[in-house]
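Below is one structure, written out as structure tokens; the observations come after it.
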Amino acid sequence: MKKALAIINRTAGMGQKAELEAALIRNLKSQDYETVIKYTKLTGFKHIVMKHEPDTDLFVVAGGDGTVSELISILVSENIKTPAAVIPAGTVNDFARANDIPLNPVSAAKTLDTTSAKTVDTIQLNENYAGYLVAFGNFMTSFAKVKSSVKNKLGRAAYLIRGIRTIISLKTYRLNMKVDQVEMEIDSVFTVVSKISSVGSVEKLIPEAKSNDGLLHILNVAPVKFKELLPLILKAFKGDITDHPKVTYLTAEQIEIRSNDLEDMNIDGDINDYEDVKISVVKDGITLVQHKTEE
């Protein structure tokens with residue numbers, strides 16, 4: 001019998017932990033897997049992965065985007081080729097949205113199909129690794145500062161409330177960007193470098209982005225007047241934000257970003273201290289197990 005290691009974030013706002021655990025064990029057993037479950041906090045479970053890696057045939061991670069990101073970064077940085085499966089149990093779940101994973105954690109556990117998998121790209125930031133996104137500007141970093149207790153209580157409404165408060169006080173910053181071999185210096189209020197289409201639960205913010213297309217997708221929003229915000233937001237939800245005159249959209253295999261105006265940045269939904277970064281694609285970084293359509 002093969003072995004699966006399931007890492008479950010104990011602070012994720014699932015509310016269905018017992019049902020999730022039972023469904024996961026039952027489904028994997030039917031596919032000839034013995035499941036070991038380890039509960040963890042938001043971060044810091046590398047020692048668990050490394051301890052079990054030699055005799056693990058499948059990694060399963062249940063949590064929000066930050067927890068998913070940590071597993072991805074461990075697998076890529078340690079060159080572990082063992083397949084991974086994702087059970088979305090956070091508030092936003094952008095990675096799951098972009099990869100056709102059921103957003104209900106119990107449904108995702110029930111439909112996990114170890115016979116079907118695909119490779120997806122990840123990203124490298126300087127000497128570190130992440131799953132899918134780096135964002136700059138106080139709009140995205142404000143989301144990352146929402147407390148877990150608030151997210152668990154209000155769900156996605158917590159981000160809506162924070163977003164409304166932030167959007168009326170967007171801060172302008174100066175960026176120097178080197179996209180592949182082209183350098184530019186621009187004023188910005190929002191910059192995102194992503195591997196996937198869903199950002200901040202806006203599923204079609206970058207509809208052109210595919211998780212295995214080998215490209216970084218870069219959106220930059222120049223300073224906007226208050227009257228321009230509503231049309232910009234509407235375009236974001238419709239999937240045609242790149243049509244707005246204040247938006248620059250680029251694709252590249254590598255981008256370098258420098259700024260003297262930023263204090264922090266958002267990496268896969270979590271807040272980090274800002275540093276000048278070189279971001280590049282890790283082609284086929286992980287093997288991601290797929291899900292069947294639930295009957």
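Each chain in the structure tokens gets a letter, A, B, ..., in the order shown, and its residues are numbered from 1; ligands are numbered from 1 in order too.
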
Discussion item. Which residues are close to Lys171 in chain A, i.e. within 8 Å by only C-alpha atoms, leaving aside same-chain residues fewer than 3 positions away? Reply as a list in words.
Written reply: Gly137, Asn138 and Val189 of chain A

Practice prompt. Write down as a PyMOL selection string the residues belonging to range 5-192 of chain A that are assigned helix (DSSP H, G or I) by DSSP computed on the backbone.
Written response: chain A and resi 17-30+46-55+65-77+94-98+105-111+138-144+148-154+157-167

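Checking A:His291, A:Lys210, A:Lys38, A:Lys235 one by one against Pro105 in chain A, counting only C-alpha atoms, you find the shortest gap at A:His291.
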
Discussion item. I need the strand (DSSP E or B) residues of range 53-237 of chain A per DSSP on the backbone, written as a PyMOL selection string.
Written reply: chain A and resi 58-63+84-88+112-125+128-130+133-136+173-179+182-188+190-194+199+202+216-221

Practice prompt. Just the residues within 12 Å of Ala96 in chain A, please, counting only C-alpha atoms, with nothing from its chain fewer than 5 positions along; format it as a PyMOL selection string.
Written response: chain A and resi 61-65+68-69+85-91+101-105+108+131-132+196-199+201+203+211+288-291

For the residues in the current selection, export N, CA and C atoms as an mmCIF file, in the first residue's frame.
```
data_model
loop_
_atom_site.group_PDB
_atom_site.id
_atom_site.type_symbol
_atom_site.label_atom_id
_atom_site.label_comp_id
_atom_site.auth_asym_id
_atom_site.auth_seq_id
_atom_site.Cartn_x
_atom_site.Cartn_y
_atom_site.Cartn_z
ATOM 1 N N VAL A 61 -2.173 18.804 1.009
ATOM 2 C CA VAL A 61 -2.165 19.975 1.882
ATOM 3 C C VAL A 61 -3.581 20.556 1.938
ATOM 4 N N ALA A 62 -4.084 20.775 3.156
ATOM 5 C CA ALA A 62 -5.405 21.356 3.372
ATOM 6 C C ALA A 62 -5.234 22.652 4.145
ATOM 7 N N GLY A 63 -5.560 23.753 3.510
ATOM 8 C CA GLY A 63 -5.406 25.054 4.149
ATOM 9 C C GLY A 63 -5.633 26.159 3.143
ATOM 10 N N GLY A 64 -5.296 27.369 3.537
ATOM 11 C CA GLY A 64 -5.426 28.506 2.643
ATOM 12 C C GLY A 64 -4.243 28.629 1.704
ATOM 13 N N ASP A 65 -4.216 29.711 0.942
ATOM 14 C CA ASP A 65 -3.171 29.889 -0.058
ATOM 15 C C ASP A 65 -1.778 29.942 0.563
ATOM 16 N N VAL A 68 -0.731 26.323 1.247
ATOM 17 C CA VAL A 68 -0.429 25.700 -0.047
ATOM 18 C C VAL A 68 0.928 26.184 -0.560
ATOM 19 N N SER A 69 1.148 27.495 -0.442
ATOM 20 C CA SER A 69 2.404 28.082 -0.905
ATOM 21 C C SER A 69 3.600 27.488 -0.187
ATOM 22 N N ALA A 85 -1.388 17.222 -3.741
ATOM 23 C CA ALA A 85 -2.818 17.487 -3.922
ATOM 24 C C ALA A 85 -3.219 18.615 -2.986
ATOM 25 N N VAL A 86 -4.182 19.415 -3.408
ATOM 26 C CA VAL A 86 -4.603 20.592 -2.644
ATOM 27 C C VAL A 86 -6.067 20.469 -2.240
ATOM 28 N N ILE A 87 -6.316 20.672 -0.938
ATOM 29 C CA ILE A 87 -7.680 20.773 -0.405
ATOM 30 C C ILE A 87 -7.863 22.209 0.060
ATOM 31 N N PRO A 88 -8.620 23.034 -0.665
ATOM 32 C CA PRO A 88 -8.735 24.450 -0.284
ATOM 33 C C PRO A 88 -9.541 24.623 0.998
ATOM 34 N N ALA A 89 -8.941 25.267 1.990
ATOM 35 C CA ALA A 89 -9.618 25.446 3.275
ATOM 36 C C ALA A 89 -9.333 26.825 3.848
ATOM 37 N N GLY A 90 -9.105 27.787 2.959
ATOM 38 C CA GLY A 90 -8.853 29.151 3.388
ATOM 39 C C GLY A 90 -10.008 30.062 3.028
ATOM 40 N N THR A 91 -9.719 31.347 2.961
ATOM 41 C CA THR A 91 -10.748 32.347 2.664
ATOM 42 C C THR A 91 -10.812 32.664 1.181
ATOM 43 N N ILE A 101 -10.056 23.182 -8.815
ATOM 44 C CA ILE A 101 -10.201 22.349 -7.627
ATOM 45 C C ILE A 101 -11.469 22.769 -6.901
ATOM 46 N N PRO A 102 -12.337 21.828 -6.508
ATOM 47 C CA PRO A 102 -13.569 22.202 -5.796
ATOM 48 C C PRO A 102 -13.252 23.052 -4.573
ATOM 49 N N LEU A 103 -14.007 24.141 -4.380
ATOM 50 C CA LEU A 103 -13.721 25.061 -3.286
ATOM 51 C C LEU A 103 -14.234 24.562 -1.952
ATOM 52 N N ASN A 104 -15.177 23.621 -1.965
ATOM 53 C CA ASN A 104 -15.616 23.012 -0.715
ATOM 54 C C ASN A 104 -14.592 21.957 -0.310
ATOM 55 N N PRO A 105 -13.982 22.068 0.877
ATOM 56 C CA PRO A 105 -12.901 21.146 1.226
ATOM 57 C C PRO A 105 -13.315 19.684 1.276
ATOM 58 N N ALA A 108 -13.580 18.470 -2.234
ATOM 59 C CA ALA A 108 -12.239 18.292 -2.790
ATOM 60 C C ALA A 108 -11.607 17.000 -2.291
ATOM 61 N N GLY A 131 4.540 29.920 -4.684
ATOM 62 C CA GLY A 131 3.620 29.180 -5.522
ATOM 63 C C GLY A 131 3.231 29.882 -6.809
ATOM 64 N N TYR A 132 2.769 31.147 -6.696
ATOM 65 C CA TYR A 132 2.115 31.697 -7.874
ATOM 66 C C TYR A 132 2.042 33.212 -7.951
ATOM 67 N N ILE A 196 -1.113 32.683 -12.216
ATOM 68 C CA ILE A 196 -2.479 32.175 -12.351
ATOM 69 C C ILE A 196 -3.467 33.304 -12.614
ATOM 70 N N SER A 197 -4.660 32.930 -13.011
ATOM 71 C CA SER A 197 -5.667 33.906 -13.412
ATOM 72 C C SER A 197 -6.379 34.565 -12.243
ATOM 73 N N SER A 198 -6.510 33.855 -11.118
ATOM 74 C CA SER A 198 -7.281 34.352 -9.977
ATOM 75 C C SER A 198 -6.381 35.103 -9.011
ATOM 76 N N VAL A 199 -6.784 36.318 -8.676
ATOM 77 C CA VAL A 199 -6.032 37.143 -7.724
ATOM 78 C C VAL A 199 -7.022 37.783 -6.758
ATOM 79 N N SER A 201 -9.328 36.399 -5.091
ATOM 80 C CA SER A 201 -10.606 35.731 -5.375
ATOM 81 C C SER A 201 -11.335 36.307 -6.590
ATOM 82 N N GLU A 203 -11.615 35.773 -9.982
ATOM 83 C CA GLU A 203 -11.168 34.594 -10.717
ATOM 84 C C GLU A 203 -10.633 34.887 -12.112
ATOM 85 N N SER A 211 -1.610 28.114 -15.576
ATOM 86 C CA SER A 211 -0.660 27.678 -14.559
ATOM 87 C C SER A 211 0.534 26.924 -15.128
ATOM 88 N N LEU A 288 0.712 18.277 -9.841
ATOM 89 C CA LEU A 288 -0.516 18.526 -9.083
ATOM 90 C C LEU A 288 -1.574 17.477 -9.429
ATOM 91 N N VAL A 289 -2.051 16.768 -8.409
ATOM 92 C CA VAL A 289 -3.091 15.760 -8.589
ATOM 93 C C VAL A 289 -4.418 16.460 -8.895
ATOM 94 N N GLN A 290 -5.199 15.855 -9.789
ATOM 95 C CA GLN A 290 -6.444 16.443 -10.233
ATOM 96 C C GLN A 290 -7.655 15.915 -9.436
ATOM 97 N N HIS A 291 -8.845 16.440 -9.754
ATOM 98 C CA HIS A 291 -10.075 16.053 -9.074
ATOM 99 C C HIS A 291 -11.121 15.643 -10.109
#
```

Worksheet item: Closest to Pro54 in chain A among A:Arg26, A:Leu5, A:Val92, A:Ala117, using only C-alpha atoms?
Response: A:Leu5

Worksheet item: Neighbours of Asp180 in chain A within 12 Å (only C-alpha atoms; same-chain residues fewer than 2 positions away dropped), as a list in words?
Response: Met177, Lys178, Val182, Glu183, Met184, Leu215, Leu216, Ile218, Leu250, Thr251, Ala252, Glu253, Gln254, Ile255, Glu256, Ile257, Lys278, Ile279, Ser280 and Val281 of chain A

Item to complete: Please provide as JSON, numbers by chain all residues within 10 Å of Asp55 in chain A, with the sequence filter that same-chain residues fewer than 4 positions apart are discarded (counting only C-alpha atoms).
Response: {"A": [2, 3, 4, 5, 51]}

Using all heavy atoms, can you export the residues from the last selection as a PDB file, in the first residue's frame?
```pdb
ATOM      1  N   LYS A   2       0.521   2.206  -0.848  1.00  0.00           N
ATOM      2  CA  LYS A   2       1.273   3.462  -0.912  1.00  0.00           C
ATOM      3  C   LYS A   2       0.925   4.343   0.282  1.00  0.00           C
ATOM      4  O   LYS A   2      -0.068   4.116   0.976  1.00  0.00           O
ATOM      5  CB  LYS A   2       0.955   4.167  -2.231  1.00  0.00           C
ATOM      6  CG  LYS A   2       1.492   3.426  -3.458  1.00  0.00           C
ATOM      7  CD  LYS A   2       1.030   4.043  -4.751  1.00  0.00           C
ATOM      8  CE  LYS A   2      -0.426   3.735  -5.037  1.00  0.00           C
ATOM      9  NZ  LYS A   2      -0.837   4.180  -6.386  1.00  0.00           N
ATOM     10  N   LYS A   3       1.741   5.385   0.497  1.00  0.00           N
ATOM     11  CA  LYS A   3       1.539   6.254   1.655  1.00  0.00           C
ATOM     12  C   LYS A   3       1.304   7.697   1.226  1.00  0.00           C
ATOM     13  O   LYS A   3       1.984   8.207   0.337  1.00  0.00           O
ATOM     14  CB  LYS A   3       2.744   6.174   2.597  1.00  0.00           C
ATOM     15  CG  LYS A   3       2.883   4.837   3.294  1.00  0.00           C
ATOM     16  CD  LYS A   3       3.994   4.860   4.330  1.00  0.00           C
ATOM     17  CE  LYS A   3       4.088   3.528   5.060  1.00  0.00           C
ATOM     18  NZ  LYS A   3       5.163   3.535   6.092  1.00  0.00           N
ATOM     19  N   ALA A   4       0.337   8.323   1.881  1.00  0.00           N
ATOM     20  CA  ALA A   4       0.044   9.737   1.664  1.00  0.00           C
ATOM     21  C   ALA A   4       0.266  10.488   2.968  1.00  0.00           C
ATOM     22  O   ALA A   4      -0.129  10.013   4.039  1.00  0.00           O
ATOM     23  CB  ALA A   4      -1.386   9.926   1.185  1.00  0.00           C
ATOM     24  N   LEU A   5       0.894  11.642   2.893  1.00  0.00           N
ATOM     25  CA  LEU A   5       1.043  12.527   4.046  1.00  0.00           C
ATOM     26  C   LEU A   5       0.110  13.712   3.849  1.00  0.00           C
ATOM     27  O   LEU A   5       0.260  14.466   2.882  1.00  0.00           O
ATOM     28  CB  LEU A   5       2.480  13.009   4.184  1.00  0.00           C
ATOM     29  CG  LEU A   5       2.719  14.053   5.289  1.00  0.00           C
ATOM     30  CD1 LEU A   5       2.453  13.452   6.666  1.00  0.00           C
ATOM     31  CD2 LEU A   5       4.130  14.638   5.205  1.00  0.00           C
ATOM     32  N   LYS A  51      10.847  14.810   7.139  1.00  0.00           N
ATOM     33  CA  LYS A  51      10.873  13.565   7.918  1.00  0.00           C
ATOM     34  C   LYS A  51      10.145  12.451   7.178  1.00  0.00           C
ATOM     35  O   LYS A  51      10.592  11.290   7.165  1.00  0.00           O
ATOM     36  CB  LYS A  51      10.238  13.791   9.288  1.00  0.00           C
ATOM     37  CG  LYS A  51      10.153  12.526  10.135  1.00  0.00           C
ATOM     38  CD  LYS A  51       9.486  12.811  11.473  1.00  0.00           C
ATOM     39  CE  LYS A  51       9.343  11.522  12.302  1.00  0.00           C
ATOM     40  NZ  LYS A  51       8.681  11.779  13.608  1.00  0.00           N
TER      41      LYS A  51
END
```
